[in-house]
Structure formats: structure tokens, C-alpha cells
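Single-structure report; data block below.
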Amino acid sequence: MAGRVIPEGPDDDFSPEIVNGSWCPTPDTEGNATHGCYTIDYPNVEYEDGETDEIVAVSNDGGVLSLDLDGAPLGLYVPADTALDESGMDGVEDLPDQERIWNSQTVTLMVRD
């Protein structure tokens, strides 16, 4: 599909489908989550408020997946045991023991539900 970049290479051993499942904001960022929790069935995103979206671009960004919607980022998928640079997280606590999706634009950290 046009606009999609699928990760390739020896360090990119996961596909976009790895993000499939339910995601909810951490307690310290739930006030920033416009739609609350969401469920991904790649490339579809369904929010708990009933709205839907589609992931239109995926790229590998140093061992994390950058997930983009049309006109806005969904966030960076970060696997467990991979730390985020907390200096850019506006005081949000990273949870490196869990898979998560970090959106720096909305300052929202989502974890698997």
C-alpha cells in the first residue's frame, strides 16, 4: 500500500501486527488521552468512544516502531526492556518492563490492557 514502510533488516525482527491488542493510558497520562483506551487490529484503530482511525505509515526508528495516522502520530511502539529517554517525556514515568506506545505530541503513554 502506498505510504507504508515495513521495517526490514536484522534489528527489525517485528512486524506492525505486534501492536495488535488493547491499549490504555497509564494513570498519570489518562487525562491526556483524548479517546481513552483503544484497540488495534493493524492497520485499524478503534477507540473506546467508538471513533475509528487507520495507521497509514509505519517505520522502524532505532528498534521502536513509529506509527502514524493520517495527519497525526499514534505514537512509538516500544517493546518491553527498551527504555525511553525520560528527558523528553515531560515528567511522565517510563515503564520499561512493559510494551507501550508513547505519543510525545499528546504526552500519553499507553500500555497493553
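Chain labels run A, B, ... following the order of the C-alpha cells; each chain numbers its residues from 1, and ligands are numbered from 1 in the order shown.
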Listing only residues of segment 74-93 of chain A within 7 Å of segment 50-70 of chain A, what is the closest atom pair and its distance in Å (to one decimal) for each, using only C-alpha atoms, sorted by chain and residue number ascending, as a tab-separated table?
residue	atom	partner	partner_atom	distance
A:Leu74	CA	A:Asp68	CA	5.2
A:Gly75	CA	A:Leu67	CA	5.4
A:Leu76	CA	A:Ser66	CA	4.5
A:Tyr77	CA	A:Leu65	CA	5.0
A:Val78	CA	A:Val64	CA	5.1
Pull the strand (DSSP E or B) assignments for segment 44-90 of chain A out of DSSP run on the backbone, and list those residues as a list in words.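 Taking segment 44-90 of chain A and keeping strand (DSSP E or B) gives Asn44, Val45, Glu46, Tyr47, Thr52, Asp53, Glu54, Ala57, Val58, Ser59, Asn60, Leu65, Ser66, Leu67, Asp68, Leu69, Ala72, Pro73, Leu74, Gly75, Leu76, Tyr77 and Val78 of chain A.
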Top pick for closest residue to Ile40 of chain A, considering A:Met89, A:Ala72, A:Ile18, A:Ala83 and counting only C-alpha atoms: A:Ile18
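Atom to atom, atom CA of Glu48 of chain A and atom CA of Asp90 of chain A stand 25.5 Å apart.
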As an exercise, work out the distance from atom CA of Gly31 of chain A to atom CA of Gly88 of chain A in Å and give it to one decimal place.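 Separating atom CA of Gly31 of chain A from atom CA of Gly88 of chain A is a distance of 18.6 Å.
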All residues 10 Å or closer to Asn32 of chain A, only C-alpha atoms, same chain fewer than 6 positions away omitted, as a list in words: Pro25, Thr26, Thr106, Val107, Thr108 and Leu109 of chain A
Between atom CA of Ser15 of chain A and atom CA of Ser87 of chain A, what is the distance in Å, rounded to a tenth?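 Those two atoms sit 27.9 Å apart.
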Pick from A:Tyr38, A:Ser104, A:Ser22, A:Pro79: nearest to Gly91 of chain A, with only C-alpha atoms counted?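 Of A:Tyr38, A:Ser104, A:Ser22, A:Pro79, the one nearest Gly91 of chain A is A:Ser104, counting only C-alpha atoms.
All residues within segment 4-112 of chain A that the backbone DSSP calculation assigns to helix (DSSP H, G or I) are Pro16, Glu17, Ile18, Val19, Glu30, Gly31, Asn32, Glu86, Ser87 and Gly88 of chain A.
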Keeping C-alpha atoms, export the residues of the selection given above as a compact mmCIF listing (two decimals), in the first residue's frame.
# COMPACT_ATOMS: atom_id res chain seq x y z
CA PRO A 16 3.42 -3.88 12.57
CA GLU A 17 0.99 -6.57 13.74
CA ILE A 18 2.94 -6.71 17.01
CA VAL A 19 0.87 -3.70 18.14
CA GLU A 30 -5.05 9.25 31.19
CA GLY A 31 -6.17 12.89 31.31
CA ASN A 32 -4.24 13.48 28.08
CA GLU A 86 12.69 10.30 30.01
CA SER A 87 14.20 13.75 29.49
CA GLY A 88 11.74 14.20 26.62
Given only C-alpha atoms as the basis, pick out the residue of A:Asp113, A:Asn20, A:Asn103, A:Asp97 nearest to Asp41 of chain A.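 Closest to Asp41 of chain A of all the choices is A:Asn20.
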